file my_file07.cif (mmCIF, C-alpha atoms)
data_my_file
#
loop_
_atom_site.label_atom_id
_atom_site.label_comp_id
_atom_site.auth_asym_id
_atom_site.auth_seq_id
_atom_site.Cartn_x
_atom_site.Cartn_y
_atom_site.Cartn_z
CA MET A 1 43.21 37.16 39.79
CA ASN A 2 44.33 40.04 37.63
CA VAL A 3 47.88 40.30 36.39
CA SER A 4 49.74 43.00 34.60
CA LEU A 5 49.67 43.22 30.84
CA GLU A 6 53.09 44.78 30.63
CA GLU A 7 54.93 41.92 29.05
CA PHE A 8 52.27 41.48 26.42
CA ASP A 9 52.72 42.71 22.92
CA LYS A 10 50.44 45.70 22.37
CA ALA A 11 49.94 44.68 18.78
CA PHE A 12 48.35 41.42 19.93
CA GLU A 13 46.02 42.98 22.45
CA ASN A 14 43.31 42.73 19.88
CA ARG A 15 42.01 39.22 19.49
CA ILE A 16 41.66 39.33 15.73
CA ARG A 17 45.28 40.44 15.29
CA LEU A 18 46.43 37.53 17.41
CA GLN A 19 44.25 35.22 15.35
CA ILE A 20 45.63 36.57 12.09
CA MET A 21 49.13 36.02 13.39
CA SER A 22 48.33 32.43 14.45
CA VAL A 23 47.20 31.61 10.93
CA LEU A 24 50.21 33.26 9.30
CA VAL A 25 52.69 31.57 11.62
CA ALA A 26 51.15 28.16 10.90
CA ASN A 27 51.14 28.70 7.13
CA ASP A 28 53.68 29.97 4.61
CA ARG A 29 51.16 32.51 3.38
CA TYR A 30 47.43 33.16 3.32
CA ASP A 31 45.28 35.30 1.07
CA PHE A 32 42.84 37.99 2.13
CA ASN A 33 39.60 36.25 1.23
CA SER A 34 40.54 32.96 2.85
CA LEU A 35 41.57 34.78 6.01
CA LYS A 36 38.27 36.64 6.01
CA GLU A 37 36.37 33.39 5.72
CA LEU A 38 38.42 31.61 8.35
CA LEU A 39 38.13 34.37 10.94
CA ASN A 40 34.58 35.27 10.05
CA VAL A 41 35.18 39.03 9.98
CA THR A 42 34.21 41.83 7.63
CA ASP A 43 36.44 43.21 4.86
CA GLY A 44 37.00 46.52 6.60
CA ASN A 45 37.70 44.99 9.97
CA LEU A 46 40.24 42.55 8.60
CA ALA A 47 41.90 45.19 6.44
CA SER A 48 42.42 47.57 9.35
CA HIS A 49 43.97 44.87 11.54
CA LEU A 50 46.20 43.71 8.71
CA LYS A 51 47.31 47.29 8.20
CA ALA A 52 48.19 47.55 11.89
CA LEU A 53 50.26 44.39 11.77
CA GLU A 54 51.94 45.57 8.60
CA LYS A 55 52.86 48.83 10.29
CA GLU A 56 54.54 46.87 13.09
CA ASP A 57 56.48 45.04 10.39
CA TYR A 58 55.04 41.75 11.68
CA ILE A 59 53.68 40.69 8.30
CA SER A 60 54.64 41.16 4.69
CA VAL A 61 52.14 41.88 1.96
CA ASN A 62 52.31 40.73 -1.62
CA LYS A 63 49.72 42.18 -3.97
CA THR A 64 49.10 40.44 -7.27
CA PHE A 65 46.25 40.09 -9.70
CA LEU A 66 44.48 36.91 -10.70
CA GLY A 67 43.06 38.02 -14.00
CA ARG A 68 41.35 41.27 -13.01
CA LYS A 69 40.72 40.30 -9.40
CA PRO A 70 43.19 41.50 -6.81
CA ASN A 71 44.76 38.67 -4.87
CA THR A 72 46.66 39.82 -1.81
CA GLN A 73 48.86 37.36 0.00
CA TYR A 74 50.05 37.85 3.55
CA ALA A 75 52.99 36.18 5.25
CA ALA A 76 54.48 36.44 8.74
CA SER A 77 57.85 38.22 8.84
CA ASP A 78 60.72 37.05 11.04
CA ASN A 79 59.91 39.96 13.29
CA GLY A 80 56.32 38.83 13.54
CA ARG A 81 57.21 35.22 14.24
CA HIS A 82 59.53 36.30 17.00
CA ALA A 83 56.94 38.61 18.54
CA PHE A 84 54.26 35.92 18.35
CA LYS A 85 56.53 33.42 20.07
CA LYS A 86 57.31 35.91 22.81
CA HIS A 87 53.65 36.65 23.30
CA LEU A 88 52.81 32.96 23.66
CA GLN A 89 55.69 32.59 26.11
CA ALA A 90 54.26 35.45 28.13
CA LEU A 91 50.85 33.76 28.22
CA GLU A 92 52.49 30.55 29.34
CA ASN A 93 54.45 32.29 32.07
CA LEU A 94 51.26 33.85 33.32
CA ILE A 95 49.64 30.49 33.73
CA LYS A 96 52.70 29.15 35.53
CA GLN A 97 52.72 32.16 37.82
CA GLN A 98 49.09 31.71 38.73
CA ARG A 99 49.57 28.05 39.44
CA LYS A 100 52.09 28.84 42.18
CA MET B 19 43.62 39.11 32.62
CA GLN B 20 41.90 36.05 34.06
CA GLU B 21 43.38 32.57 33.82
CA LYS B 22 40.22 31.47 32.05
CA ASP B 23 40.77 34.17 29.43
CA ILE B 24 44.31 33.00 28.80
CA TYR B 25 43.10 29.47 28.24
CA ASN B 26 40.44 30.74 25.89
CA GLU B 27 43.06 32.74 24.03
CA LEU B 28 45.40 29.78 23.75
CA SER B 29 42.69 27.39 22.65
CA SER B 30 41.49 29.83 20.00
CA ILE B 31 45.07 30.11 18.70
CA ARG B 32 45.46 26.36 18.57
CA ASN B 33 42.07 25.94 16.93
CA LEU B 34 42.91 28.46 14.23
CA MET B 35 46.33 27.00 13.55
CA GLU B 36 44.74 23.62 13.10
CA ARG B 37 41.82 24.81 11.01
CA SER B 38 44.11 26.86 8.77
CA THR B 39 46.43 23.92 8.10
CA LYS B 40 44.12 20.89 8.05
CA PHE B 41 41.19 20.16 5.80
CA ILE B 42 38.76 18.09 7.83
CA SER B 43 35.67 18.00 5.66
CA LEU B 44 36.76 14.78 3.96
CA SER B 45 33.87 12.38 4.08
CA GLY B 46 34.31 8.89 5.50
CA LEU B 47 31.27 7.71 3.59
CA SER B 48 33.01 8.38 0.27
CA GLY B 49 35.75 5.96 1.36
CA VAL B 50 33.18 3.24 1.96
CA LEU B 51 31.55 3.87 -1.42
CA ALA B 52 34.93 3.93 -3.22
CA GLY B 53 35.68 0.56 -1.64
CA ILE B 54 32.39 -0.86 -2.85
CA TYR B 55 32.95 0.46 -6.39
CA ALA B 56 36.41 -1.11 -6.40
CA LEU B 57 35.05 -4.48 -5.31
CA ILE B 58 32.27 -4.40 -7.92
CA GLY B 59 34.75 -3.34 -10.60
CA ALA B 60 37.19 -6.07 -9.66
CA PHE B 61 34.38 -8.61 -9.66
CA ILE B 62 33.17 -7.59 -13.14
CA GLY B 63 36.75 -7.64 -14.38
CA TYR B 64 37.30 -11.06 -12.92
CA LYS B 65 34.15 -12.40 -14.57
CA LEU B 66 35.19 -10.87 -17.86
CA VAL B 67 38.53 -12.61 -17.84
CA ASP B 68 36.93 -15.75 -16.51
CA SER B 69 34.37 -16.06 -19.31
CA ASP B 70 37.04 -15.52 -21.92
CA PHE B 71 39.52 -18.06 -20.72
CA GLY B 72 37.65 -20.65 -18.70
CA GLU B 73 40.42 -21.64 -16.30
CA LEU B 74 40.38 -19.76 -13.02
CA ASP B 75 43.98 -19.70 -11.84
CA TYR B 76 46.47 -16.93 -12.61
CA LYS B 77 44.56 -15.68 -15.60
CA ASP B 78 45.22 -12.08 -14.85
CA GLN B 79 48.81 -12.77 -15.77
CA TYR B 80 47.90 -14.10 -19.18
CA VAL B 81 45.33 -11.67 -20.49
CA THR B 82 46.67 -10.38 -23.78
CA GLU B 83 43.65 -10.07 -26.04
CA PRO B 84 43.21 -6.37 -26.90
CA ARG B 85 39.42 -6.36 -26.54
CA VAL B 86 39.54 -7.79 -23.01
CA LEU B 87 42.34 -5.42 -22.09
CA LEU B 88 40.35 -2.47 -23.34
CA GLU B 89 37.31 -3.56 -21.35
CA LEU B 90 39.40 -4.01 -18.22
CA PHE B 91 40.91 -0.59 -18.77
CA LEU B 92 37.44 0.95 -19.14
CA ILE B 93 36.26 -0.70 -15.93
CA ALA B 94 39.28 0.66 -14.09
CA VAL B 95 38.72 4.18 -15.41
CA THR B 96 35.01 4.02 -14.53
CA VAL B 97 35.77 2.91 -10.97
CA LEU B 98 38.35 5.68 -10.62
CA LEU B 99 36.02 8.39 -11.96
CA LEU B 100 33.04 7.22 -9.89
CA SER B 101 35.17 7.19 -6.73
CA LEU B 102 36.56 10.64 -7.45
CA LEU B 103 33.15 12.14 -8.22
CA THR B 104 31.61 10.59 -5.09
CA CYS B 105 34.48 11.89 -3.00
CA ILE B 106 34.20 15.41 -4.43
CA PHE B 107 30.42 15.48 -4.11
CA LEU B 108 30.33 14.22 -0.51
CA THR B 109 33.22 16.46 0.51
CA ILE B 110 31.48 19.55 -0.83
CA ARG B 111 28.33 18.53 1.02
CA GLN B 112 30.29 17.95 4.23
CA ALA B 113 32.06 21.31 3.91
CA ARG B 114 28.74 23.10 3.39
CA LYS B 115 27.37 21.44 6.50
CA ARG B 116 30.32 22.71 8.51
CA GLY B 117 30.03 26.16 6.95
CA GLU B 118 33.47 25.80 5.43
CA ASN B 119 34.55 26.63 1.92
CA PHE B 120 35.64 23.38 0.27
CA TRP B 121 38.10 25.12 -2.04
CA ASN B 122 40.36 26.93 0.42
CA PRO B 123 44.15 27.18 0.66
CA VAL B 124 44.33 23.94 2.67
CA SER B 125 42.25 21.82 0.33
CA GLN B 126 44.26 23.24 -2.57
CA ARG B 127 47.48 22.15 -0.89
CA LEU B 128 45.93 18.76 -0.16
CA VAL B 129 45.03 18.26 -3.80
CA VAL B 130 48.41 19.46 -5.12
CA ASN B 131 50.35 17.27 -2.73
CA MET B 132 48.31 14.19 -3.53
CA SER B 133 48.41 14.83 -7.27
CA ILE B 134 52.17 14.62 -7.61
CA PRO B 135 52.58 10.93 -6.65
CA LEU B 136 49.20 10.12 -8.16
CA PHE B 137 50.00 11.53 -11.61
CA THR B 138 53.49 10.08 -11.53
CA GLY B 139 51.91 6.71 -10.79
CA GLY B 140 49.26 7.15 -13.46
CA LEU B 141 51.84 7.91 -16.15
CA PHE B 142 54.08 5.12 -14.88
CA MET B 143 51.21 2.65 -15.25
CA LEU B 144 50.30 3.93 -18.72
CA ILE B 145 53.90 3.37 -19.79
CA LEU B 146 53.76 -0.14 -18.32
CA LEU B 147 50.55 -0.76 -20.27
CA PHE B 148 52.17 0.32 -23.53
CA GLN B 149 55.14 -1.88 -22.85
CA GLY B 150 52.85 -4.80 -22.10
CA SER B 151 53.94 -5.32 -18.48
CA TYR B 152 50.46 -5.83 -17.09
CA GLY B 153 51.58 -7.75 -14.01
CA ILE B 154 52.94 -4.70 -12.22
CA ILE B 155 49.81 -2.57 -12.64
CA ALA B 156 48.01 -3.77 -9.51
CA PRO B 157 50.97 -3.40 -7.13
CA ALA B 158 52.01 -0.10 -8.74
CA SER B 159 48.54 1.41 -8.34
CA LEU B 160 48.47 0.41 -4.66
CA ILE B 161 51.97 1.72 -3.95
CA PHE B 162 51.55 5.06 -5.72
CA TYR B 163 48.13 5.56 -4.14
CA GLY B 164 49.64 4.86 -0.71
CA LEU B 165 52.43 7.38 -1.35
CA SER B 166 49.89 9.96 -2.43
CA LEU B 167 47.85 9.42 0.74
CA ILE B 168 50.92 9.89 2.90
CA ALA B 169 51.86 13.05 1.01
CA GLY B 170 48.36 14.46 1.50
CA SER B 171 47.93 13.33 5.11
CA GLN B 172 49.69 16.34 6.61
CA PHE B 173 46.89 18.54 5.31
CA THR B 174 43.99 16.50 6.70
CA PHE B 175 43.20 13.89 9.36
CA SER B 176 46.45 12.16 10.32
CA ASP B 177 44.59 8.82 10.12
CA VAL B 178 44.96 9.07 6.34
CA LYS B 179 48.68 8.41 6.81
CA TRP B 180 47.96 4.94 8.22
CA LEU B 181 45.70 4.12 5.30
CA GLY B 182 48.65 5.11 3.09
CA TYR B 183 51.13 2.85 4.90
CA CYS B 184 48.71 -0.08 4.66
CA GLN B 185 48.23 0.48 0.91
CA ILE B 186 52.00 0.49 0.36
CA ILE B 187 52.48 -2.72 2.36
CA ILE B 188 49.67 -4.44 0.46
CA GLY B 189 51.13 -3.15 -2.81
CA LEU B 190 54.54 -4.61 -1.99
CA ALA B 191 52.89 -7.89 -1.02
CA ALA B 192 51.06 -7.89 -4.36
CA MET B 193 54.42 -7.43 -6.07
CA LEU B 194 55.85 -10.34 -4.11
CA PHE B 195 52.96 -12.68 -4.96
CA PRO B 196 51.94 -11.67 -8.49
CA ALA B 197 49.55 -14.60 -8.83
CA TYR B 198 47.32 -13.08 -6.16
CA SER B 199 47.74 -9.47 -7.14
CA ILE B 200 44.04 -9.03 -7.95
CA LEU B 201 43.17 -10.27 -4.45
CA PHE B 202 45.61 -7.84 -2.89
CA TRP B 203 44.20 -5.09 -5.07
CA MET B 204 40.69 -5.89 -3.84
CA MET B 205 41.97 -5.92 -0.28
CA GLY B 206 43.65 -2.51 -0.65
CA PHE B 207 41.18 -0.55 -2.72
CA GLY B 208 38.08 -2.43 -1.59
CA LEU B 209 38.31 -3.73 1.95
CA LEU B 210 40.72 -1.15 3.38
CA HIS B 211 38.66 1.73 2.01
CA ILE B 212 35.50 0.33 3.54
CA ILE B 213 37.16 -0.19 6.92
CA TYR B 214 38.85 3.21 6.84
CA GLY B 215 35.66 4.98 5.74
CA SER B 216 33.59 3.39 8.49
CA VAL B 217 36.17 4.21 11.15
CA MET B 218 36.33 7.85 10.02
CA HIS B 219 32.57 8.10 9.79
CA PHE B 220 32.07 7.06 13.38
CA LYS B 221 35.24 8.52 14.88
CA TYR B 222 34.44 12.02 13.67
CA LYS B 223 30.65 11.61 13.88
CA GLN B 224 29.96 12.88 10.39
#
call {"tool": "encode", "arguments": {"input": "my_file07.cif", "output": "structure tokens"}}
result
Amino acid sequence: MNVSLEEFDKAFENRIRLQIMSVLVANDRYDFNSLKELLNVTDGNLASHLKALEKEDYISVNKTFLGRKPNTQYAASDNGRHAFKKHLQALENLIKQQRK
Amino acid sequence: MQEKDIYNELSSIRNLMERSTKFISLSGLSGVLAGIYALIGAFIGYKLVDSDFGELDYKDQYVTEPRVLLELFLIAVTVLLLSLLTCIFLTIRQARKRGENFWNPVSQRLVVNMSIPLFTGGLFMLILLFQGSYGIIAPASLIFYGLSLIAGSQFTFSDVKWLGYCQIIIGLAAMLFPAYSILFWMMGFGLLHIIYGSVMHFKYKQ
């Protein structure tokens, strides 16, 4: 059965973005390289999805340097947490609807 | 969107949340080995005190000769280092097998959270040593170790929490019955580790 995607957050349509958000909601913050390892994606791929989430104001970015290596930390913003919650709620509602 | 897809989506979210917050490459085998080291160490220590003083009962309360104390201290440090090295080595191996980086944000948090009670306890016991209160060392090591396990347990298998509670209870019991503190110590660091390690080894099929 197909159902409408209207109540879904467009930003989370992409699987990797949803996965990034899951990690950031479960943790205070996460750095780029650890995220890359966890999600098993390429640098470019991860960077573009992070950029998209940043544009939506769902995550905050904190760039620092560890010695000469850049160390970028990402954290979920209140906006992002709220949106993620709503998205999960929408998924849940869908399941309930289909059960009926 | 299919119902199956939604379930897949939800399970991938849950999986990621768990993997990003829990370090599960801890090796059960290292627990068993740490327990064995502890028992061997305690046995050697017991013999050492035994040969020096003849009488069997309550000697651990009366050891005051510096040479024996130093030897006991060295045994304790050796057991600690061996256990730590085994744990680190086996954990790295386990992480490699699972294709996981052993030094990731979660394992860092695990180490930091365990270190705080552990270092507090270590310094506390060193102070006790300098003040000559040897009787409280065994219970203190059990109690602080238990606290450290509980502090770390939220970043790894939750079973670790139960090991922590047991260590604290045994530590308090050792405090209550100082004459048997070495037996309680062997029970906590030796027996409990072996039991815990075996359970983990088979439960998580490592």
call {"tool": "closest_residue", "arguments": {"input": "my_file07.cif", "among": "A:Tyr30, A:Glu56, A:Gly67, A:Leu46", "to": "chain B", "atoms": "all atoms listed in the file"}}
result
A:Tyr30
call {"tool": "closest_atom_pairs", "arguments": {"input": "my_file07.cif", "of": "chain B", "to": "chain A", "cutoff": "7 Å", "atoms": "all atoms listed in the file", "output": "Markdown table"}}
result
| residue | atom | partner | partner_atom | distance |
| --- | --- | --- | --- | --- |
| B:Met19 | CA | A:Asn2 | CA | 5.1 |
| B:Gln20 | CA | A:Asn2 | CA | 5.9 |
| B:Glu21 | CA | A:Ile95 | CA | 6.6 |
| B:Ile24 | CA | A:Leu91 | CA | 6.6 |
| B:Ile31 | CA | A:Ser22 | CA | 5.8 |
| B:Leu34 | CA | A:Val23 | CA | 6.3 |
| B:Met35 | CA | A:Val23 | CA | 5.4 |
| B:Ser38 | CA | A:Val23 | CA | 6.1 |
| B:Thr39 | CA | A:Asn27 | CA | 6.8 |
| B:Asn122 | CA | A:Ser34 | CA | 6.5 |
call {"tool": "closest_residue", "arguments": {"input": "my_file07.cif", "among": "A:His87, A:Arg17, A:Arg81, A:Arg68", "to": "Leu53 (chain A)", "atoms": "only C-alpha atoms"}}
result
A:Arg17
call {"tool": "atom_distance", "arguments": {"input": "my_file07.cif", "atom1": "CA of Phe32 (chain A)", "atom2": "CA of Ser166 (chain B)"}}
result
29.3 Å
call {"tool": "atom_distance", "arguments": {"input": "my_file07.cif", "atom1": "CA of Arg32 (chain B)", "atom2": "CA of Lys10 (chain A)"}}
result
20.3 Å
call {"tool": "axis_aligned_box", "arguments": {"input": "my_file07.cif", "around": "region 19-37 of chain A", "padding_each_side": "3 Å", "output": "JSON"}}
result
{"center_x": 45.0, "center_y": 33.1, "center_z": 8.2, "size_x": 23.3, "size_y": 15.8, "size_z": 20.3}
call {"tool": "resolve_selection", "arguments": {"input": "my_file07.cif", "expression": "the PyMOL selection byres ((chain B and resi 43) around 7)", "output": "PyMOL selection string"}}
result
chain B and resi 41-42+44-45+109+112-113
call {"tool": "atom_distance", "arguments": {"input": "my_file07.cif", "atom1": "CA of Ile212 (chain B)", "atom2": "CA of Tyr55 (chain B)"}}
result
10.3 Å
call {"tool": "residues_around", "arguments": {"input": "my_file07.cif", "residues": "Pro84 (chain B)", "least_positions_apart": "3", "cutoff": "12 Å", "atoms": "all atoms listed in the file", "output": "PyMOL selection string"}}
result
chain B and resi 67+80-81+87-91+147-148+150
call {"tool": "closest_residue", "arguments": {"input": "my_file07.cif", "among": "B:Met143, B:Ile93, B:Val217, B:Val130", "to": "Pro157 (chain B)", "atoms": "all atoms listed in the file"}}
result
B:Met143
call {"tool": "resolve_selection", "arguments": {"input": "my_file07.cif", "expression": "the PyMOL selection byres ((chain B and resi 184) around 12)", "output": "count of residues only"}}
result
32
call {"tool": "decode", "arguments": {"input": "my_file07.cif", "residues": "region 29-41 of chain A", "atoms": "N, CA, C and O atoms", "output": "PDB file, in the first residue's frame"}}
result
ATOM      1  N   ARG A  29      27.309  15.567  20.533  1.00  0.00           N
ATOM      2  CA  ARG A  29      27.949  16.025  19.302  1.00  0.00           C
ATOM      3  C   ARG A  29      28.731  14.857  18.700  1.00  0.00           C
ATOM      4  O   ARG A  29      29.018  13.885  19.379  1.00  0.00           O
ATOM      5  N   TYR A  30      29.055  15.010  17.419  1.00  0.00           N
ATOM      6  CA  TYR A  30      29.812  13.965  16.738  1.00  0.00           C
ATOM      7  C   TYR A  30      30.729  14.625  15.726  1.00  0.00           C
ATOM      8  O   TYR A  30      30.351  15.634  15.125  1.00  0.00           O
ATOM      9  N   ASP A  31      31.928  14.090  15.538  1.00  0.00           N
ATOM     10  CA  ASP A  31      32.823  14.743  14.581  1.00  0.00           C
ATOM     11  C   ASP A  31      32.727  14.093  13.209  1.00  0.00           C
ATOM     12  O   ASP A  31      32.207  12.982  13.052  1.00  0.00           O
ATOM     13  N   PHE A  32      33.224  14.815  12.228  1.00  0.00           N
ATOM     14  CA  PHE A  32      33.070  14.426  10.821  1.00  0.00           C
ATOM     15  C   PHE A  32      33.595  13.018  10.543  1.00  0.00           C
ATOM     16  O   PHE A  32      32.900  12.176   9.984  1.00  0.00           O
ATOM     17  N   ASN A  33      34.832  12.772  10.960  1.00  0.00           N
ATOM     18  CA  ASN A  33      35.444  11.486  10.622  1.00  0.00           C
ATOM     19  C   ASN A  33      34.734  10.300  11.265  1.00  0.00           C
ATOM     20  O   ASN A  33      34.592   9.250  10.648  1.00  0.00           O
ATOM     21  N   SER A  34      34.290  10.487  12.503  1.00  0.00           N
ATOM     22  CA  SER A  34      33.582   9.395  13.171  1.00  0.00           C
ATOM     23  C   SER A  34      32.241   9.142  12.508  1.00  0.00           C
ATOM     24  O   SER A  34      31.808   7.993  12.380  1.00  0.00           O
ATOM     25  N   LEU A  35      31.588  10.213  12.089  1.00  0.00           N
ATOM     26  CA  LEU A  35      30.319  10.067  11.367  1.00  0.00           C
ATOM     27  C   LEU A  35      30.540   9.298  10.070  1.00  0.00           C
ATOM     28  O   LEU A  35      29.784   8.390   9.733  1.00  0.00           O
ATOM     29  N   LYS A  36      31.596   9.668   9.377  1.00  0.00           N
ATOM     30  CA  LYS A  36      31.910   9.044   8.092  1.00  0.00           C
ATOM     31  C   LYS A  36      32.102   7.539   8.275  1.00  0.00           C
ATOM     32  O   LYS A  36      31.595   6.723   7.517  1.00  0.00           O
ATOM     33  N   GLU A  37      32.823   7.201   9.338  1.00  0.00           N
ATOM     34  CA  GLU A  37      33.106   5.802   9.615  1.00  0.00           C
ATOM     35  C   GLU A  37      31.834   5.040   9.975  1.00  0.00           C
ATOM     36  O   GLU A  37      31.602   3.926   9.529  1.00  0.00           O
ATOM     37  N   LEU A  38      31.032   5.679  10.812  1.00  0.00           N
ATOM     38  CA  LEU A  38      29.811   5.044  11.312  1.00  0.00           C
ATOM     39  C   LEU A  38      28.828   4.786  10.177  1.00  0.00           C
ATOM     40  O   LEU A  38      28.205   3.729  10.104  1.00  0.00           O
ATOM     41  N   LEU A  39      28.683   5.759   9.288  1.00  0.00           N
ATOM     42  CA  LEU A  39      27.682   5.647   8.227  1.00  0.00           C
ATOM     43  C   LEU A  39      28.242   4.991   6.985  1.00  0.00           C
ATOM     44  O   LEU A  39      27.493   4.656   6.071  1.00  0.00           O
ATOM     45  N   ASN A  40      29.566   4.827   6.966  1.00  0.00           N
ATOM     46  CA  ASN A  40      30.191   4.178   5.826  1.00  0.00           C
ATOM     47  C   ASN A  40      29.906   4.905   4.518  1.00  0.00           C
ATOM     48  O   ASN A  40      29.435   4.310   3.556  1.00  0.00           O
ATOM     49  N   VAL A  41      30.157   6.212   4.505  1.00  0.00           N
ATOM     50  CA  VAL A  41      29.947   7.011   3.300  1.00  0.00           C
ATOM     51  C   VAL A  41      31.241   7.750   2.954  1.00  0.00           C
ATOM     52  O   VAL A  41      32.165   7.788   3.752  1.00  0.00           O
TER      53      VAL A  41
END
